[in-house]
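Here is the structure we will look at.
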Amino acid sequence: MAADHHTVDDGGESLPLPTTIASGAVAAAVLLPLVWLVRTALDVGLDDAIAISTRPATVQVFLNSAALVAVVTVASVLIGVPFAYLTVRTDLPFRRAVTVAVSLPLVIPSYVGAFAFVSAFGPQGAFQRLLAPLGVERLPDIYGFTGAALVITLYTYPYVFITTRAALKSLDTTLIDAARTLDHDRWEAFRRVTIPQIRPAVTAGSLLVALYTLSDFGTPAIMQFDAFTRVIYVEFTSFGRDVASLLSLQLVAVTLLILGLESHVRGNEPLHAGRQGGRTGGTIPLGPWKYVALAACLIVAGIALLVPLGILLTWLARGGAEVGSALAFRPEYALNSVGVSAGAALVATVVGLPVAYLAAGYRSRLADAFERATYVGYAVPGVVLGLALVYLGTSYARPLYQTVYLLVAAYVIRFLPQAVGSMRASFLRINPALPEAARTLGRSSFGAFRAVTLPLIAPGLFGGAALVFLTTMKELPATLLLRPSGFKTLVTHIWTATEAGYYGHAAVPALILLGVSGLSMLVILSQEGYDVK
Amino acid sequence: MRDSPSSRRRILRIGGAAGLASIAGCSGLLGGSETGDGGDGGDGGGDTVGQIGSGRSPFGERDLSGGTSMSEMPELSGELTLYSGRGEPLVGRLVSFIEDLYPDLTVRPRYNAAADLVNQIETEGENSPADVFFSVNAGSLGALKDRGRTADLPSEVLDAVPDQFHDPDGTWVGTSGRARTIPYNTNALSESDVPDDIFAFPETEAFRDAIGCAPSYSSFQAFVTAMRALNGEEETRQWLEGMLELGLDSNYADEFLVSQAVADGELRAGFANHYYIQRVLAGRPDAPISTAFTEGDAGAIFNVAGACVLDTASSPDFASNFVHHLLSAEAQDYFARETFEYPLVPGVDPIGRLPSIDELNPPEGLDLTQLSDLEGTVSLLRDVGML
């Protein structure tokens, strides 16, 4: 990848020209939908725009969203990082099984989780009915901030878990050994050696969590919590596209703020300092604590998985009798889901590669800007991005409109940062001396990349592709807007059934969705063996 | 049965008992008639399209009571893109039925929420592939009209329904009706506890801290819009504030969830369209939920689902003719039995124990097109703190 042509930007470091062009093109393509957003928002007019932006209700939902993002992100780190450490570095029993269980909540769409939690733990939900014989007449309210934060955390902490895990897998433990020989205790070694090495991965995961929280509509709506997305939704449903676009632009502004914050946190990370490409040493014995650790992992994963599973199985049991023609499940829905999701994963990995490479390898504002740009599509609600692509598609790409190609493009724009963040974190752990050595041994730059760099970043590559695949499987609003007429996926089928109140018919596709996503998770985790040696 | 037309046999087979027996969840609503394939008759059908609907409903054992049969309408041929804000489980069979009638007709239905489709059509602009928009409410149709995106419908289509059920300017036509209702929990309240005057609600202590609504939901917004049109801004504001003081829970995302909460006992009463109650009962036939009505006020508006032809339609005549088919005797009968809505074409009766249109007491003097004025409603709801 390192090329002979270089360009210089204000960061002072020279960038490889072809990679820079590729990376810039990707960034531009991803930002294209903003054109529509700005265009539509301009219809509001300046005075109204200011009035809308500063009215108390807007300020309140802004604060609500900010609080939700902060709490969910911190909670996800507190769950994701320890779990990753436990499953990679310690002698936790059943590590592989625990890894799978702890990752699996990611396959459940958060709106399904939210609905299940309300059904189960609502004041008079299934759980209360179970406890009714004991005299429990009403459970404490699950609605509001607590419920929204709980549900989003349970279904997004795996972002932090998976990215952190990838980093820990390729962590160079000789450094830790060195620190230990220098008389640092285990915590000190962790703090001074491990944390700096996994920090890019943790922040990458946290960023995904934070921006997902910001853009999630379903969970706050079901949990009756007034977040930014709900205000946008209200405007869209009362045909105020202009105001909705204006508020979406505010959301983009908040996104930029979060990105800036994250840049600040990761700002002084070392570039490749002292990395050897990794040697993963022995595991840390937990002693009797391993049972406590195991219990903690299983409780979190158990709650996140069993509540929706239980509700889905209840639906299945209730809905068995009715079979409507429009609602009969067809295997092609699953194939469609897998097809577009695999396509999105592949494309996102390919187009994300130059962006991640550049952002990881060069201390350059331009490279950083390209990488940050990929996050914008992720932070706007799916319906906003969907409408933007409706506009671009009908105006400039008519033959592509309502085809799977534009649909896959939407997924890539929306979920690209999941691939980029994961790959970037992997690139960061590679000592540039390694590919350089290969080049002095006569390899071409691409040859060196293929022989040395690619195997080293493989876990990040697979991790990123897996994330894109899983989230695409779950995506609903952009799918509804952009799919070809008559094209049905698992989630559109779930939507069709639940929207009409036929919950029984939602159970089968939902369980298949969980199954397929779960399987892909297994494949990914088994691929981790393709690892640095 | 054996000598039914093939298209009819197919409908019966795929739809089967599924149909709406399960939506109702209780046979009482079906008034003793059965949908589906268990019938013994078959004397009504012939072998040709022309004879479908000549008296016997293709959607179950019931005589078509009135209206114009599809066989008396001009044939449909070509490709039609239908943006449907009505769910596929509810109207999918009807669309397939029409498509199957004509060998050269292809319908490309696109299902999504009505508001999303309006936004989509607006965003697509003059490049929209949509020919017909089929909506769950008059508001969405009015929104497209306001934006100049509708084509005029011919008078034979408009005249199929009474004047109050189509746009006075002829840009859209209602296809079926839906009543505003008060779902209430039968363990907590009896029907007489629910006042028949919407303006008595804020003073009804039985509702204190136990009545809910979905203010971001289009049907609730249509109800508030109707109150603004009928009673003015100020009275509407006072009513909303009074309800909030009574402890109105305005946190629900949609009226299905409101109805669920009523059935769960989380709420004693709520605001919802009449069929949501039936859908709750579809999942839980023994749920303690029932339906109350107010009389002659905004709480009892009778909104319509309807259709319009878009200005971008490739052939407006073809598209209008398709809309006409939604007003056929067969389609009207379909709405009655399959979606529990009110047929709008005179002479086609609603099903079973639903009160007939005549028994309902919707407010007088309300033009349904006014229901598209959501902006004022949204800002009012925001002002009082419900949004």
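Here's how to read the names in the structure tokens: chain A, B, ... by the order shown, residue numbers from 1 in each chain, ligand numbers from 1 in the order shown.
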
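Near range 291-300 of chain A, within a cut-off of 9 Å and counting only C-alpha atoms, sit the residues Ile79, Phe83, Leu86, Leu92, Pro93, Phe94, Val98, Thr99, Ala101, Val102, Leu154, Leu286 and Leu305 of chain A, with same-chain residues fewer than 5 positions away left out.
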
Hey, could you make a per-residue contact list for range 185-270 of chain B against range 361-372 of chain B with 8 Å as the cut-off, showing the nearest pair of atoms and its distance in Å to one decimal, counting only C-alpha atoms, sorted by chain and number, as a Markdown table?
| residue | atom | partner | partner_atom | distance |
| --- | --- | --- | --- | --- |
| B:Ala222 | CA | B:Leu371 | CA | 5.6 |
| B:Thr225 | CA | B:Leu371 | CA | 5.8 |
| B:Ala226 | CA | B:Leu371 | CA | 6.3 |
| B:Ala229 | CA | B:Gln370 | CA | 7.4 |
| B:Leu230 | CA | B:Leu366 | CA | 7.1 |

> So which residues touch Gln224 in chain A within 8 Å, counting only C-alpha atoms, skipping near sequence neighbours fewer than 3 positions away, as a ChimeraX atom specification?
Replying inline: /A:143-144,220-221 /B:251-253

> To one decimal place, how far is CA of Gly67 in chain B from CA of Phe318 in chain B in Å?
Replying inline: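 The value is 20.6 Å.
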
Would you write out, as CSV, a table of all residues in range 115-228 of chain B that have an atom no more than 8 Å from an atom of range 337-348 of chain B, listing for each the closest atom pair and the distance in Å to one decimal, considering only C-alpha atoms and ordering rows by chain and rising residue number?
residue,atom,partner,partner_atom,distance
B:Ala160,CA,B:Val345,CA,6.1
B:Val161,CA,B:Val345,CA,5.0
B:Pro162,CA,B:Val345,CA,7.4
B:Phe165,CA,B:Leu344,CA,7.5
B:Gly174,CA,B:Leu344,CA,7.3
B:Thr175,CA,B:Leu344,CA,6.2
B:Ser176,CA,B:Pro343,CA,5.0
B:Gly177,CA,B:Tyr342,CA,4.6
B:Arg178,CA,B:Glu341,CA,5.8

> Counting only C-alpha atoms, what is within 12 Å of Ala329 in chain B, bar same-chain residues fewer than 3 positions away, as a PyMOL selection string?
Replying inline: chain B and resi 52-59+62-73+160-161+175+324-326+332-336+343-349

>> Using only C-alpha atoms for the distances, tell me which of A:Arg191, A:Arg424, A:His505, A:Arg165 is nearest to chain B.
In response: A:His505

> In Å to one decimal, how far is CA of Pro355 in chain B from CA of Phe302 in chain B?
Replying inline: 12.6 Å

>> To test your reading of the structure, identify every residue in range 91-216 of chain B that backbone DSSP assigns to alpha helix (DSSP H), and report it as a PyMOL selection string.
In response: chain B and resi 91-101+114-124+138-146+155-158

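The neighbours of range 259-274 of chain B here are the residues that come within 7 Å of it, using only C-alpha atoms and leaving out any residue fewer than 5 positions away in the same chain; they are A:Pro123, A:Gln124, B:Arg178, B:Ala179, B:Arg180, B:Thr181, B:Ile182, B:Pro183, B:Tyr184, B:Asn185, B:Ala188, B:Leu189, B:Phe207, B:Ala210, B:Ile211, B:Gly212, B:Cys213, B:Val280, B:Ala287, B:Pro288, B:Ile289.
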
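Relative to CA of Met473 in chain A, CA of Asp368 in chain A is found at 28.9 Å.
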
> Can you tell me, as a PyMOL selection string, what residues are no more than 9 Å from range 344-356 of chain A when counting only C-alpha atoms, ignoring any on the same chain fewer than 3 positions away?
Replying inline: chain A and resi 1+19-20+22-24+26-27+339-341+359-361+367-368+370-371+374+407-413+415-425+427+461-462+464-470+472
